[in-house]
Amino acid sequence: MSLRVHIVGFAVCVAATAMAASPGCDAKISGAEIRDFYANRAGDRMAVSMQIVLDSLELKSEQQLILSPRLSADGDTMALPRIFINGRKQQLRYERGADKAPERGDIVERRRNGKQQTIDYSVLVLYQSWMDHMTAVISETDCGCGRQTPGPVVALQLPTAEVSYFPELAYIQPPAEPKEYNIHKTSYVTFPVDKIELYPTYMNNPAELDTIISTIRVVRDDPNVSITSISLHGYASPESPYDHNEYLASNRSQTIKDYVQRMSNLADGLFHVTYTVEDWDGLKRFLNERGSEIAHAEEILAICDDPKWADNPDAREWRIKSQYRADYDYMLKNWYPYLRHTDYDIRYTVRSFSIEEAKQILQAKPQQLSLNEMYLVAQTYAPGSDPFNEVMEIAVRLHPTDTSANLNAGCMRLEHDDYQRAKHYLDRAGTTAEARACWELASRMGLPEATRNLAELERRMENEK
């Protein structure tokens with residue numbers, strides 16, 4: 001179960017009996033306001049966060065305000081890191097070591113009177129079952145004169161009426177998998193008619209060849225990357241005899257490969273060359289997508305698809321040319337140049353990163369991180385915090401079809417009651433128990449259409465059994 005507590009703000013509601021105040025210390029300090037207290041279970045951890053707004057707090061130079069949060073239920077209690085808010089001189093005493101140092105994890109802040117000032121408080125604690133029914137209490141202690149005194153203590157009890165219980169938001173950790181990637185591009189290197197010799201300065205070749213080489217070099221020169229293979233696949237257009245086109249397609253592909261290898265200074269063993277003698281599939285794509293440019297696109301497409309020409313491409317070409325000469329001449333001039341192309345694939349792997357490295361890579365080249373690495377980075381932040389949310393958004397943006405990325409992004413958006421964006425992600429989160437838990441949470445929150453979406457998901461899950 002997950003505990004969600006939303007507090008807009010509260011004032012002191014119970015004041016303990018005031019003890020004698022030390023000279024120079026106020027009997028009571030007010031003005032610190034707590035906003036957006038939030039507690040949520042994530043696995044074996046409980047995230048607790050709030051904002052402490054000091055805008056109305058006035059501290060004398062030697063005063064200190066200590067806020068001591070704790071969680072409690074049925075006799076169980078857990079103290080959380082405290083917040084020390086110091087006046088100017090009290091802060092100097094702390095910095096010089098004159099005061100007893102706060103314990104590890106405690107927060108120390110100097111108050112600057114008259115200025116807007118907010119402390120973002122966020123901690124992760126080990127979840128315990130009694131926390132399902134807990135309340136949060138913050139004790140306020142006023143100290144001063146360079147030492148802590150048993151001054152008045154004010155207990156700030158958060159109201160429990162707004163506490164609701166929901167199924168746990170089930171963030172899931174994607175599996176650790178090899179980071180294998182592929183860059184696929186198409187190049188239109190031009191050869192003179194019936195020639196297999198490559199002329200780097202011929203027609204549009206400077207730009208086309210530079211694109212291939214620069215793409216390879218960017219990958220090659222990245223210290224985090226290792227190229228595993230470079231594949232080139234050449235195509236010839238359907239005009240001319242099939243045997244001649246085979247000679248052109250095979251040799252032109254090899255010629256481009258030799259040039260690229262020499263210019264990229266990579267081992268020959270990385271390169272693989274294949275070819276398609278005549279790009280009939282490409283011609284059919286033109287007929288489907290740009291058929292309105294000619295008079296007999298449907299008839300020509302039917303000839304291309306007719307199985308009786310499958311083993312005799314020269315006869316197929318002659319039938320198109322002889323029956324629809326005007327259309328053939330148009331295709332030859334406007335479409336066939338694009339059927340003479342070389343597709344290339346650069347396959348590479350990216351090394352694994354430590355969490356600290358991954359944090360740096362996330363800002364510079366997030367595409368080099370696996371979903372598992374991004375998830376581990378997110379775990380270093382409190383659920384619901386801005387850095388946590390940013391990692392989840394990056395993950396789903398880079399992997400828009402991955403079910404785990406969509407599930408985690410959907411959970412994150414439900415944390416912020418952003419149902420519309422949560423629905424967008426959860427619709428692509430698959431039919432897992434975790435996805436069902438998120439839809440159930442949305443339904444219990446009373447969000448529009450969530451109950452119907454939950455029922456639809458349950459039907460899909462049942463059908464898949």
# chains A, B, ... in the order shown; residues from 1 in each chain; ligands from 1

call {"tool": "residues_around", "arguments": {"residues": "range 408-425 of chain A", "least_positions_apart": "6", "cutoff": "8 Å", "atoms": "only C-alpha atoms", "output": "mmCIF file with C-alpha atoms, in the first residue's frame"}}
result
data_model
loop_
_atom_site.group_PDB
_atom_site.id
_atom_site.type_symbol
_atom_site.label_atom_id
_atom_site.label_comp_id
_atom_site.auth_asym_id
_atom_site.auth_seq_id
_atom_site.Cartn_x
_atom_site.Cartn_y
_atom_site.Cartn_z
ATOM 1 C CA LEU A 169 2.746 2.653 -7.517
ATOM 2 C CA ALA A 170 4.768 -0.089 -9.110
ATOM 3 C CA TYR A 171 7.825 1.424 -10.716
ATOM 4 C CA ILE A 172 9.686 -1.429 -12.385
ATOM 5 C CA PRO A 383 10.268 9.766 -6.123
ATOM 6 C CA GLY A 384 8.255 12.735 -7.316
ATOM 7 C CA ASN A 389 10.620 13.077 -13.066
ATOM 8 C CA MET A 392 11.519 9.162 -16.372
ATOM 9 C CA GLU A 393 10.500 11.628 -19.103
ATOM 10 C CA VAL A 396 10.067 7.352 -22.349
ATOM 11 C CA CYS A 438 -1.539 1.977 -11.850
ATOM 12 C CA ALA A 442 -6.170 6.170 -11.097
ATOM 13 C CA LEU A 447 -9.945 10.292 -12.412
#

call {"tool": "residues_around", "arguments": {"residues": "Ala297 in chain A", "least_positions_apart": "3", "cutoff": "12 Å", "atoms": "only C-alpha atoms", "output": "PyMOL selection string"}}
result
chain A and resi 283-294+300-304+320+324+326-328+330-331

call {"tool": "closest_atom_pairs", "arguments": {"of": "range 332-360 of chain A", "to": "range 246-256 of chain A", "cutoff": "12 Å", "atoms": "only C-alpha atoms", "output": "JSON lines"}}
result
{"residue": "A:Leu339", "atom": "CA", "partner": "A:Ala249", "partner_atom": "CA", "distance": 11.2}
{"residue": "A:Arg340", "atom": "CA", "partner": "A:Ala249", "partner_atom": "CA", "distance": 8.5}
{"residue": "A:His341", "atom": "CA", "partner": "A:Ala249", "partner_atom": "CA", "distance": 9.3}
{"residue": "A:Thr342", "atom": "CA", "partner": "A:Ser253", "partner_atom": "CA", "distance": 7.1}
{"residue": "A:Asp343", "atom": "CA", "partner": "A:Ser253", "partner_atom": "CA", "distance": 9.6}
{"residue": "A:Tyr344", "atom": "CA", "partner": "A:Ser253", "partner_atom": "CA", "distance": 10.3}

call {"tool": "select_by_dssp", "arguments": {"residues": "range 118-332 of chain A", "states": "strand (DSSP E)", "output": "NGL selection string"}}
result
:A and (118-126 or 135-143 or 153-157 or 164-166 or 180-187 or 225-235 or 271-276)

call {"tool": "closest_residue", "arguments": {"among": "A:Pro337, A:Ala435, A:Ser240, A:Thr211", "to": "Asp194 in chain A", "atoms": "only C-alpha atoms"}}
result
A:Ser240

call {"tool": "residues_around", "arguments": {"residues": "Glu278 in chain A", "least_positions_apart": "2", "cutoff": "6 Å", "atoms": "only C-alpha atoms", "output": "list in words"}}
result
Ala236, Ser237, Pro238, Thr276 and Trp280 of chain A

call {"tool": "atom_distance", "arguments": {"atom1": "CA of His296 in chain A", "atom2": "CA of Arg325 in chain A"}}
result
10.4 Å

call {"tool": "residues_around", "arguments": {"residues": "range 398-401 of chain A", "least_positions_apart": "2", "cutoff": "10 Å", "atoms": "only C-alpha atoms", "output": "PyMOL selection string"}}
result
chain A and resi 366-367+369-371+393-396+403-406+425+428-430

call {"tool": "select_by_dssp", "arguments": {"residues": "range 82-331 of chain A", "states": "alpha helix (DSSP H)", "output": "ChimeraX atom specification"}}
result
/A:88-95,205-220,242-264,280-290,297-305,313-323,325-331

call {"tool": "atom_distance", "arguments": {"atom1": "CA of Val125 in chain A", "atom2": "CA of Asp36 in chain A"}}
result
18.3 Å

call {"tool": "closest_residue", "arguments": {"among": "A:Pro206, A:Pro175, A:Pro69, A:Gly31", "to": "Val189 in chain A", "atoms": "only C-alpha atoms"}}
result
A:Pro206

call {"tool": "closest_residue", "arguments": {"among": "A:Val377, A:Val219, A:Ala455, A:Leu426", "to": "Glu357 in chain A", "atoms": "only C-alpha atoms"}}
result
A:Val377

call {"tool": "residues_around", "arguments": {"residues": "Met50 in chain A", "least_positions_apart": "4", "cutoff": "8 Å", "atoms": "only C-alpha atoms", "output": "tab-separated table (two decimals) with C-alpha atoms, in the first residue's frame"}}
result
chain	number	residue	atom	x	y	z
A	34	ILE	CA	4.97	23.68	5.91
A	35	ARG	CA	3.60	23.01	2.44
A	36	ASP	CA	3.10	19.99	0.22
A	37	PHE	CA	3.99	17.33	2.74
A	38	TYR	CA	4.16	14.09	0.80
A	120	ASP	CA	13.05	21.65	-0.05
A	121	TYR	CA	13.06	18.69	2.30
A	122	SER	CA	13.30	15.17	0.90

call {"tool": "decode", "arguments": {"residues": "range 371-390 of chain A", "atoms": "C-alpha atoms", "output": "mmCIF file, in the first residue's frame"}}
result
data_model
loop_
_atom_site.group_PDB
_atom_site.id
_atom_site.type_symbol
_atom_site.label_atom_id
_atom_site.label_comp_id
_atom_site.auth_asym_id
_atom_site.auth_seq_id
_atom_site.Cartn_x
_atom_site.Cartn_y
_atom_site.Cartn_z
ATOM 1 C CA LEU A 371 16.698 1.989 -19.701
ATOM 2 C CA ASN A 372 18.231 0.068 -16.822
ATOM 3 C CA GLU A 373 20.936 2.713 -16.356
ATOM 4 C CA MET A 374 18.381 5.529 -16.470
ATOM 5 C CA TYR A 375 16.270 3.741 -13.877
ATOM 6 C CA LEU A 376 19.274 3.386 -11.558
ATOM 7 C CA VAL A 377 19.985 7.116 -11.925
ATOM 8 C CA ALA A 378 16.370 7.891 -11.036
ATOM 9 C CA GLN A 379 16.673 5.830 -7.836
ATOM 10 C CA THR A 380 19.251 8.300 -6.509
ATOM 11 C CA TYR A 381 16.471 10.926 -6.337
ATOM 12 C CA ALA A 382 13.338 11.047 -4.244
ATOM 13 C CA PRO A 383 10.268 9.766 -6.123
ATOM 14 C CA GLY A 384 8.255 12.735 -7.316
ATOM 15 C CA SER A 385 11.186 15.150 -7.245
ATOM 16 C CA ASP A 386 12.033 17.184 -10.343
ATOM 17 C CA PRO A 387 15.245 15.219 -11.113
ATOM 18 C CA PHE A 388 13.376 11.914 -10.721
ATOM 19 C CA ASN A 389 10.620 13.077 -13.066
ATOM 20 C CA GLU A 390 13.120 14.345 -15.619
#
